[in-house]
$ cat target04.cif   # mmCIF, N, CA and C atoms and all ligand atoms
data_input
loop_
_atom_site.label_atom_id
_atom_site.label_comp_id
_atom_site.auth_asym_id
_atom_site.auth_seq_id
_atom_site.Cartn_x
_atom_site.Cartn_y
_atom_site.Cartn_z
N MET A 152 -0.40 -16.43 -36.18
CA MET A 152 -1.81 -16.70 -36.48
C MET A 152 -2.70 -15.66 -35.78
N ILE A 153 -3.61 -15.10 -36.53
CA ILE A 153 -4.53 -14.11 -35.96
C ILE A 153 -5.81 -14.82 -35.54
N THR A 154 -6.12 -14.73 -34.24
CA THR A 154 -7.34 -15.37 -33.74
C THR A 154 -8.51 -14.39 -33.83
N ILE A 155 -9.69 -14.89 -33.58
CA ILE A 155 -10.89 -14.03 -33.58
C ILE A 155 -10.76 -12.96 -32.51
N ASP A 156 -10.21 -13.36 -31.35
CA ASP A 156 -10.01 -12.39 -30.27
C ASP A 156 -9.09 -11.25 -30.70
N ASP A 157 -7.99 -11.61 -31.39
CA ASP A 157 -7.05 -10.58 -31.87
C ASP A 157 -7.74 -9.63 -32.84
N LYS A 158 -8.56 -10.21 -33.73
CA LYS A 158 -9.29 -9.41 -34.72
C LYS A 158 -10.25 -8.46 -34.01
N ARG A 159 -10.95 -8.99 -33.01
CA ARG A 159 -11.93 -8.19 -32.25
C ARG A 159 -11.20 -7.08 -31.47
N LYS A 160 -10.06 -7.43 -30.85
CA LYS A 160 -9.28 -6.43 -30.11
C LYS A 160 -8.84 -5.30 -31.03
N LYS A 161 -8.41 -5.68 -32.25
CA LYS A 161 -7.96 -4.68 -33.22
C LYS A 161 -9.14 -3.77 -33.62
N GLN A 162 -10.31 -4.36 -33.83
CA GLN A 162 -11.50 -3.56 -34.19
C GLN A 162 -11.84 -2.57 -33.07
N LEU A 163 -11.78 -3.07 -31.83
CA LEU A 163 -12.10 -2.21 -30.68
C LEU A 163 -11.09 -1.08 -30.53
N ARG A 164 -9.80 -1.40 -30.72
CA ARG A 164 -8.74 -0.40 -30.64
C ARG A 164 -8.94 0.68 -31.70
N GLU A 165 -9.27 0.25 -32.91
CA GLU A 165 -9.50 1.21 -34.00
C GLU A 165 -10.74 2.07 -33.74
N ALA A 166 -11.80 1.44 -33.22
CA ALA A 166 -13.01 2.20 -32.91
C ALA A 166 -12.72 3.23 -31.82
N SER A 167 -11.93 2.81 -30.81
CA SER A 167 -11.56 3.71 -29.73
C SER A 167 -10.74 4.89 -30.25
N SER A 168 -9.83 4.58 -31.14
CA SER A 168 -8.98 5.62 -31.74
C SER A 168 -9.82 6.61 -32.53
N ARG A 169 -10.79 6.10 -33.31
CA ARG A 169 -11.69 6.99 -34.09
C ARG A 169 -12.49 7.88 -33.14
N TRP A 170 -13.00 7.29 -32.05
CA TRP A 170 -13.81 8.04 -31.09
C TRP A 170 -12.97 9.17 -30.47
N LYS A 171 -11.72 8.85 -30.07
CA LYS A 171 -10.83 9.87 -29.47
C LYS A 171 -10.57 11.00 -30.46
N LYS A 172 -10.29 10.64 -31.71
CA LYS A 172 -10.03 11.67 -32.73
C LYS A 172 -11.25 12.55 -32.94
N ARG A 173 -12.44 11.94 -32.98
CA ARG A 173 -13.69 12.70 -33.16
C ARG A 173 -13.90 13.66 -32.00
N LYS A 174 -13.69 13.17 -30.76
CA LYS A 174 -13.86 14.01 -29.56
C LYS A 174 -12.89 15.19 -29.58
N LEU A 175 -11.64 14.92 -29.96
CA LEU A 175 -10.64 15.99 -30.02
C LEU A 175 -10.96 17.00 -31.12
N ALA A 176 -11.54 16.53 -32.21
CA ALA A 176 -11.91 17.43 -33.30
C ALA A 176 -13.06 18.34 -32.85
N GLU A 177 -14.00 17.77 -32.08
CA GLU A 177 -15.14 18.56 -31.57
C GLU A 177 -14.69 19.57 -30.52
N ASN A 178 -13.77 19.14 -29.66
CA ASN A 178 -13.31 19.98 -28.56
C ASN A 178 -11.87 19.60 -28.20
N PRO A 179 -10.90 20.43 -28.56
CA PRO A 179 -9.49 20.09 -28.30
C PRO A 179 -9.18 19.88 -26.81
N ASN A 180 -10.01 20.42 -25.91
CA ASN A 180 -9.78 20.26 -24.47
C ASN A 180 -10.63 19.15 -23.84
N PHE A 181 -11.26 18.34 -24.68
CA PHE A 181 -12.20 17.33 -24.17
C PHE A 181 -11.60 16.48 -23.05
N PHE A 182 -10.41 15.89 -23.26
CA PHE A 182 -9.85 14.97 -22.26
C PHE A 182 -9.36 15.70 -21.02
N ARG A 183 -8.86 16.91 -21.20
CA ARG A 183 -8.44 17.75 -20.07
C ARG A 183 -9.67 18.07 -19.19
N GLU A 184 -10.77 18.42 -19.85
CA GLU A 184 -12.00 18.75 -19.11
C GLU A 184 -12.56 17.52 -18.38
N GLN A 185 -12.51 16.36 -19.04
CA GLN A 185 -12.99 15.13 -18.41
C GLN A 185 -12.14 14.79 -17.18
N TYR A 186 -10.82 14.99 -17.32
CA TYR A 186 -9.90 14.72 -16.21
C TYR A 186 -10.28 15.59 -15.00
N GLN A 187 -10.46 16.90 -15.24
CA GLN A 187 -10.83 17.82 -14.17
C GLN A 187 -12.19 17.47 -13.57
N LYS A 188 -13.14 17.13 -14.45
CA LYS A 188 -14.50 16.80 -14.02
C LYS A 188 -14.50 15.58 -13.09
N ASN A 189 -13.65 14.62 -13.38
CA ASN A 189 -13.64 13.37 -12.61
C ASN A 189 -12.64 13.37 -11.46
N LEU A 190 -11.89 14.46 -11.31
CA LEU A 190 -10.82 14.51 -10.31
C LEU A 190 -11.32 14.22 -8.90
N ILE A 191 -12.39 14.88 -8.49
CA ILE A 191 -12.92 14.70 -7.13
C ILE A 191 -13.41 13.26 -6.93
N HIS A 192 -14.12 12.72 -7.93
CA HIS A 192 -14.60 11.34 -7.83
C HIS A 192 -13.44 10.36 -7.74
N ARG A 193 -12.40 10.64 -8.54
CA ARG A 193 -11.25 9.74 -8.56
C ARG A 193 -10.50 9.78 -7.22
N GLN A 194 -10.31 10.99 -6.68
CA GLN A 194 -9.62 11.12 -5.40
C GLN A 194 -10.42 10.43 -4.29
N ASP A 195 -11.74 10.58 -4.36
CA ASP A 195 -12.61 9.94 -3.37
C ASP A 195 -12.49 8.41 -3.47
N TYR A 196 -12.50 7.92 -4.70
CA TYR A 196 -12.38 6.48 -4.95
C TYR A 196 -11.04 5.96 -4.43
N GLU A 197 -9.97 6.71 -4.73
CA GLU A 197 -8.63 6.29 -4.31
C GLU A 197 -8.50 6.28 -2.79
N ARG A 198 -9.11 7.27 -2.13
CA ARG A 198 -9.06 7.33 -0.67
C ARG A 198 -9.79 6.13 -0.07
N ARG A 199 -10.98 5.82 -0.62
CA ARG A 199 -11.75 4.67 -0.11
C ARG A 199 -11.00 3.37 -0.36
N ASN A 200 -10.37 3.26 -1.54
CA ASN A 200 -9.60 2.07 -1.88
C ASN A 200 -8.41 1.90 -0.94
N LYS A 201 -7.76 3.02 -0.65
CA LYS A 201 -6.61 3.03 0.26
C LYS A 201 -7.04 2.58 1.67
N ASP A 202 -8.17 3.13 2.16
CA ASP A 202 -8.68 2.74 3.48
C ASP A 202 -9.06 1.26 3.51
N ARG A 203 -9.62 0.77 2.39
CA ARG A 203 -10.07 -0.62 2.33
C ARG A 203 -8.88 -1.58 2.43
N ILE A 204 -7.83 -1.34 1.64
CA ILE A 204 -6.67 -2.26 1.67
C ILE A 204 -5.95 -2.17 3.01
N LYS A 205 -5.85 -0.95 3.56
CA LYS A 205 -5.19 -0.81 4.86
C LYS A 205 -5.98 -1.55 5.94
N THR A 206 -7.31 -1.40 5.92
CA THR A 206 -8.16 -2.08 6.90
C THR A 206 -7.99 -3.59 6.81
N GLU A 207 -7.98 -4.09 5.57
CA GLU A 207 -7.86 -5.54 5.35
C GLU A 207 -6.52 -6.07 5.89
N VAL A 208 -5.43 -5.41 5.54
CA VAL A 208 -4.10 -5.88 5.94
C VAL A 208 -3.89 -5.70 7.45
N LEU A 209 -4.32 -4.55 7.99
CA LEU A 209 -4.14 -4.30 9.42
C LEU A 209 -4.99 -5.26 10.26
N THR A 210 -6.16 -5.64 9.75
CA THR A 210 -7.01 -6.61 10.46
C THR A 210 -6.34 -7.98 10.47
N TYR A 211 -5.76 -8.37 9.33
CA TYR A 211 -5.06 -9.65 9.28
C TYR A 211 -3.94 -9.69 10.32
N TYR A 212 -3.10 -8.66 10.30
CA TYR A 212 -1.95 -8.65 11.21
C TYR A 212 -2.31 -8.21 12.63
N GLY A 213 -3.56 -7.86 12.85
CA GLY A 213 -4.06 -7.58 14.19
C GLY A 213 -4.71 -8.85 14.76
N ASN A 214 -4.37 -10.00 14.18
CA ASN A 214 -4.94 -11.30 14.59
C ASN A 214 -6.46 -11.29 14.49
N GLY A 215 -6.97 -10.73 13.41
CA GLY A 215 -8.41 -10.73 13.17
C GLY A 215 -9.13 -9.51 13.74
N LEU A 216 -8.41 -8.67 14.46
CA LEU A 216 -9.02 -7.45 15.00
C LEU A 216 -8.36 -6.24 14.35
N PHE A 217 -9.15 -5.25 14.06
CA PHE A 217 -8.61 -4.03 13.49
C PHE A 217 -8.12 -3.17 14.65
N ALA A 218 -6.97 -3.53 15.20
CA ALA A 218 -6.45 -2.84 16.39
C ALA A 218 -4.99 -3.19 16.62
N CYS A 219 -4.33 -2.34 17.39
CA CYS A 219 -2.95 -2.59 17.81
C CYS A 219 -2.92 -3.85 18.67
N VAL A 220 -1.99 -4.77 18.39
CA VAL A 220 -1.95 -6.04 19.13
C VAL A 220 -1.43 -5.86 20.56
N ILE A 221 -0.83 -4.71 20.87
CA ILE A 221 -0.34 -4.49 22.23
C ILE A 221 -1.37 -3.74 23.07
N CYS A 222 -1.83 -2.57 22.60
CA CYS A 222 -2.69 -1.74 23.46
C CYS A 222 -4.16 -1.68 23.02
N GLY A 223 -4.48 -2.15 21.82
CA GLY A 223 -5.88 -2.16 21.39
C GLY A 223 -6.35 -0.90 20.68
N GLU A 224 -5.46 0.06 20.47
CA GLU A 224 -5.82 1.29 19.72
C GLU A 224 -6.42 0.87 18.37
N SER A 225 -7.55 1.53 17.97
CA SER A 225 -8.20 1.08 16.74
C SER A 225 -8.54 2.20 15.76
N ARG A 226 -7.93 3.37 15.93
CA ARG A 226 -8.18 4.43 14.94
C ARG A 226 -7.25 4.21 13.76
N LEU A 227 -7.86 4.19 12.55
CA LEU A 227 -7.13 3.86 11.32
C LEU A 227 -5.82 4.62 11.18
N HIS A 228 -5.86 5.93 11.40
CA HIS A 228 -4.67 6.73 11.13
C HIS A 228 -3.58 6.59 12.19
N CYS A 229 -3.86 5.85 13.26
CA CYS A 229 -2.84 5.59 14.28
C CYS A 229 -2.12 4.27 14.02
N LEU A 230 -2.70 3.42 13.17
CA LEU A 230 -2.18 2.06 13.01
C LEU A 230 -1.22 1.91 11.84
N SER A 231 -0.27 1.00 12.00
CA SER A 231 0.63 0.68 10.90
C SER A 231 1.19 -0.73 11.10
N ILE A 232 1.89 -1.19 10.06
CA ILE A 232 2.48 -2.54 10.11
C ILE A 232 3.85 -2.44 10.77
N ASP A 233 4.08 -3.33 11.73
CA ASP A 233 5.37 -3.39 12.43
C ASP A 233 6.13 -4.63 11.96
N HIS A 234 7.42 -4.46 11.71
CA HIS A 234 8.30 -5.59 11.41
C HIS A 234 8.74 -6.14 12.76
N ILE A 235 8.30 -7.34 13.10
CA ILE A 235 8.51 -7.87 14.44
C ILE A 235 9.98 -7.88 14.84
N ASN A 236 10.88 -8.19 13.92
CA ASN A 236 12.31 -8.22 14.27
C ASN A 236 13.02 -6.90 14.01
N GLY A 237 12.28 -5.83 13.84
CA GLY A 237 12.89 -4.55 13.48
C GLY A 237 13.29 -4.60 12.01
N ASN A 238 14.31 -3.88 11.61
CA ASN A 238 14.82 -3.89 10.23
C ASN A 238 13.81 -3.48 9.17
N GLY A 239 12.79 -2.74 9.55
CA GLY A 239 11.79 -2.27 8.59
C GLY A 239 12.39 -1.40 7.50
N SER A 240 13.34 -0.54 7.88
CA SER A 240 13.92 0.36 6.87
C SER A 240 14.75 -0.43 5.86
N LEU A 241 15.47 -1.48 6.34
CA LEU A 241 16.25 -2.32 5.41
C LEU A 241 15.32 -3.02 4.42
N GLU A 242 14.20 -3.53 4.95
CA GLU A 242 13.27 -4.24 4.08
C GLU A 242 12.62 -3.31 3.07
N ARG A 243 12.28 -2.12 3.51
CA ARG A 243 11.68 -1.14 2.58
C ARG A 243 12.64 -0.84 1.44
N LYS A 244 13.94 -0.74 1.76
CA LYS A 244 14.94 -0.48 0.72
C LYS A 244 15.07 -1.69 -0.20
N ARG A 245 15.11 -2.90 0.40
CA ARG A 245 15.28 -4.13 -0.38
C ARG A 245 14.11 -4.32 -1.35
N LEU A 246 12.88 -4.13 -0.84
CA LEU A 246 11.70 -4.36 -1.66
C LEU A 246 11.37 -3.17 -2.56
N GLY A 247 11.85 -2.01 -2.17
CA GLY A 247 11.46 -0.81 -2.90
C GLY A 247 9.99 -0.49 -2.70
N LYS A 248 9.44 -0.96 -1.57
CA LYS A 248 8.01 -0.73 -1.29
C LYS A 248 7.87 0.09 -0.01
N ALA A 249 7.02 1.06 -0.08
CA ALA A 249 6.71 1.84 1.11
C ALA A 249 5.25 2.26 1.03
N GLY A 250 4.70 2.63 2.15
CA GLY A 250 3.32 3.11 2.18
C GLY A 250 2.34 2.08 1.66
N LEU A 251 1.42 2.54 0.84
CA LEU A 251 0.36 1.68 0.34
C LEU A 251 0.89 0.51 -0.49
N GLY A 252 1.96 0.74 -1.23
CA GLY A 252 2.57 -0.31 -2.04
C GLY A 252 2.97 -1.50 -1.19
N PHE A 253 3.39 -1.23 0.03
CA PHE A 253 3.78 -2.30 0.95
C PHE A 253 2.56 -3.12 1.38
N TYR A 254 1.43 -2.45 1.60
CA TYR A 254 0.19 -3.15 1.98
C TYR A 254 -0.26 -4.07 0.85
N TYR A 255 -0.22 -3.56 -0.38
CA TYR A 255 -0.59 -4.39 -1.53
C TYR A 255 0.38 -5.57 -1.66
N TRP A 256 1.66 -5.32 -1.43
CA TRP A 256 2.67 -6.38 -1.53
C TRP A 256 2.39 -7.48 -0.50
N LEU A 257 2.09 -7.09 0.75
CA LEU A 257 1.80 -8.08 1.80
C LEU A 257 0.61 -8.96 1.41
N LYS A 258 -0.42 -8.33 0.87
CA LYS A 258 -1.61 -9.09 0.47
C LYS A 258 -1.28 -10.05 -0.67
N LYS A 259 -0.56 -9.54 -1.67
CA LYS A 259 -0.19 -10.33 -2.84
C LYS A 259 0.70 -11.52 -2.47
N GLN A 260 1.54 -11.34 -1.43
CA GLN A 260 2.43 -12.41 -0.97
C GLN A 260 1.70 -13.42 -0.08
N GLY A 261 0.40 -13.21 0.14
CA GLY A 261 -0.38 -14.14 0.98
C GLY A 261 -0.11 -13.93 2.46
N TYR A 262 0.16 -12.70 2.85
CA TYR A 262 0.37 -12.33 4.25
C TYR A 262 1.51 -13.12 4.90
N PRO A 263 2.75 -12.84 4.51
CA PRO A 263 3.88 -13.53 5.12
C PRO A 263 4.01 -13.25 6.62
N GLU A 264 4.72 -14.14 7.31
CA GLU A 264 4.92 -13.97 8.76
C GLU A 264 5.97 -12.90 9.03
N GLY A 265 6.02 -12.44 10.28
CA GLY A 265 7.05 -11.48 10.67
C GLY A 265 6.52 -10.06 10.81
N TYR A 266 5.20 -9.91 10.72
CA TYR A 266 4.61 -8.57 10.82
C TYR A 266 3.46 -8.60 11.82
N ARG A 267 3.12 -7.42 12.32
CA ARG A 267 1.97 -7.30 13.21
C ARG A 267 1.47 -5.86 13.14
N THR A 268 0.24 -5.67 13.57
CA THR A 268 -0.36 -4.34 13.59
C THR A 268 -0.05 -3.67 14.91
N LEU A 269 0.55 -2.49 14.82
CA LEU A 269 0.82 -1.70 16.03
C LEU A 269 0.36 -0.27 15.81
N CYS A 270 0.04 0.41 16.90
CA CYS A 270 -0.22 1.85 16.82
C CYS A 270 1.14 2.54 16.84
N MET A 271 1.18 3.80 16.50
CA MET A 271 2.47 4.49 16.42
C MET A 271 3.14 4.62 17.80
N ASN A 272 2.35 4.78 18.86
CA ASN A 272 2.96 4.84 20.19
C ASN A 272 3.70 3.54 20.49
N CYS A 273 3.04 2.42 20.25
CA CYS A 273 3.67 1.13 20.52
C CYS A 273 4.84 0.89 19.57
N GLN A 274 4.73 1.40 18.30
CA GLN A 274 5.86 1.30 17.36
C GLN A 274 7.10 1.98 17.95
N PHE A 275 6.93 3.20 18.47
CA PHE A 275 8.08 3.94 19.01
C PHE A 275 8.65 3.27 20.25
N ILE A 276 7.77 2.73 21.08
CA ILE A 276 8.23 2.04 22.29
C ILE A 276 9.03 0.79 21.89
N GLU A 277 8.50 0.03 20.90
CA GLU A 277 9.19 -1.18 20.41
C GLU A 277 10.52 -0.84 19.75
N ARG A 278 10.52 0.22 18.95
CA ARG A 278 11.74 0.65 18.26
C ARG A 278 12.82 0.97 19.30
N ASN A 279 12.43 1.67 20.34
CA ASN A 279 13.38 2.04 21.40
C ASN A 279 13.87 0.80 22.15
N ARG A 280 12.95 -0.16 22.40
CA ARG A 280 13.32 -1.39 23.10
C ARG A 280 14.37 -2.15 22.28
N ILE A 281 14.13 -2.30 20.96
CA ILE A 281 15.07 -3.01 20.09
C ILE A 281 16.42 -2.28 20.06
N TYR A 282 16.35 -0.95 19.99
CA TYR A 282 17.58 -0.15 19.98
C TYR A 282 18.39 -0.38 21.24
N GLU A 283 17.72 -0.36 22.40
CA GLU A 283 18.39 -0.59 23.69
C GLU A 283 18.99 -1.98 23.76
N GLU A 284 18.25 -2.99 23.24
CA GLU A 284 18.75 -4.37 23.23
C GLU A 284 20.03 -4.48 22.41
N ARG A 285 20.00 -3.88 21.21
CA ARG A 285 21.17 -3.97 20.33
C ARG A 285 22.37 -3.22 20.92
N LEU A 286 22.07 -2.11 21.57
CA LEU A 286 23.13 -1.34 22.22
C LEU A 286 23.78 -2.17 23.33
N ALA A 287 22.94 -2.85 24.13
CA ALA A 287 23.44 -3.70 25.22
C ALA A 287 24.28 -4.85 24.66
N GLU A 288 23.84 -5.45 23.52
CA GLU A 288 24.60 -6.54 22.89
C GLU A 288 25.98 -6.03 22.45
N ARG A 289 26.00 -4.85 21.83
CA ARG A 289 27.26 -4.28 21.35
C ARG A 289 28.20 -3.99 22.52
N ARG A 290 27.64 -3.50 23.62
CA ARG A 290 28.45 -3.21 24.81
C ARG A 290 29.04 -4.49 25.36
N LEU A 291 28.20 -5.57 25.37
CA LEU A 291 28.63 -6.86 25.87
C LEU A 291 29.78 -7.41 25.02
N ILE A 292 29.61 -7.32 23.66
CA ILE A 292 30.64 -7.82 22.73
C ILE A 292 31.94 -7.02 22.90
N SER A 293 31.84 -5.71 22.99
CA SER A 293 33.05 -4.90 23.09
C SER A 293 33.75 -5.03 24.43
N SER A 294 33.04 -5.49 25.47
CA SER A 294 33.66 -5.65 26.79
C SER A 294 34.32 -7.03 26.94
N GLN A 295 34.09 -7.93 25.97
CA GLN A 295 34.69 -9.28 26.06
C GLN A 295 36.12 -9.31 25.56
ZN ZN B 1 -0.57 0.30 20.65
#

$ encode --input "target04.cif" --output "structure tokens"
Amino acid sequence: MITIDDKRKKQLREASSRWKKRKLAENPNFFREQYQKNLIHRQDYERRNKDRIKTEVLTYYGNGLFACVICGESRLHCLSIDHINGNGSLERKRLGKAGLGFYYWLKKQGYPEGYRTLCMNCQFIERNRIYEERLAERRLISSQ
């Protein structure tokens, strides 16, 4: 059954197609030129959008503060999401999410537990602490 909405969508699609054909007939490079013309605006928009989602997610996992939960560092480019139990690389592989995609995923999942905002210095210190702990556990197991 064709609804009024379907009919309207079809009309709009056809009108759009006619418009594109007319523009290409007037200037074969029309869409290429528009792409170049809007490139700077688009990059600017994407950068602001990226900063906005990162700020939102990092603030949530910073317990309401846009800062590292250990030392208080608050510069955007120093902060990242820490997997509290380690295993961040395993999770990135499992989810197939890294970088910004991971921030969007966290928000979409309703901010699951097990993460926190850390600065990179604290990330490296934590990573080393977990590594040392696991090494000590393995030594203990192998000595039994
Ligand atoms: Zn820190």

$ atom_distance --input "target04.cif" --atom1 "atom C of Arg183 in chain A" --atom2 "atom C of Arg164 in chain A"
21.4 Å

$ atom_distance --input "target04.cif" --atom1 "atom N of Gln187 in chain A" --atom2 "CA of Arg203 in chain A"
24.8 Å

$ closest_residue --input "target04.cif" --among "A:Asn180, A:Arg198, A:Ile281, A:Cys273" --to "ligand ZN 1 (chain B)" --atoms "all atoms listed in the file"
A:Cys273

$ atom_distance --input "target04.cif" --atom1 "CA of Trp170 in chain A" --atom2 "atom C of Asn189 in chain A"
20.4 Å

$ closest_residue --input "target04.cif" --among "A:Arg226, A:Arg289, A:Lys161, A:His234" --to "ligand ZN 1 (chain B)" --atoms "only C-alpha atoms and all ligand atoms"
A:Arg226

$ residues_near_ligand --input "target04.cif" --ligand "ligand ZN 1 (chain B)" --cutoff "6 Å" --atoms "only N, CA and C atoms and all ligand atoms" --output "list in words"
Cys219, Val220, Ile221, Cys222, Gly223, Glu224, Leu269, Cys270, Met271, Asn272, Cys273 and Gln274 of chain A

$ select_by_dssp --input "target04.cif" --residues "chain A" --states "helix (DSSP H, G or I)" --output "VMD selection string"
chain A and resid 155 to 177 181 to 212 227 to 229 239 to 246 251 to 259 271 to 294

$ closest_residue --input "target04.cif" --among "A:Arg267, A:Arg280, A:Lys188, A:Arg285" --to "Ala218 in chain A" --atoms "all atoms listed in the file"
A:Arg267

$ axis_aligned_box --input "target04.cif" --around "range 153-170 of chain A" --padding-each-side "6 Å" --output "lines of an AutoDock Vina configuration file"
center_x = -8.7
center_y = -3.1
center_z = -33.1
size_x = 22.2
size_y = 36.5
size_z = 18.8

$ closest_residue --input "target04.cif" --among "A:Asp233, A:Ser167, A:Thr154, A:Leu227" --to "Phe275 in chain A" --atoms "only C-alpha atoms"
A:Asp233
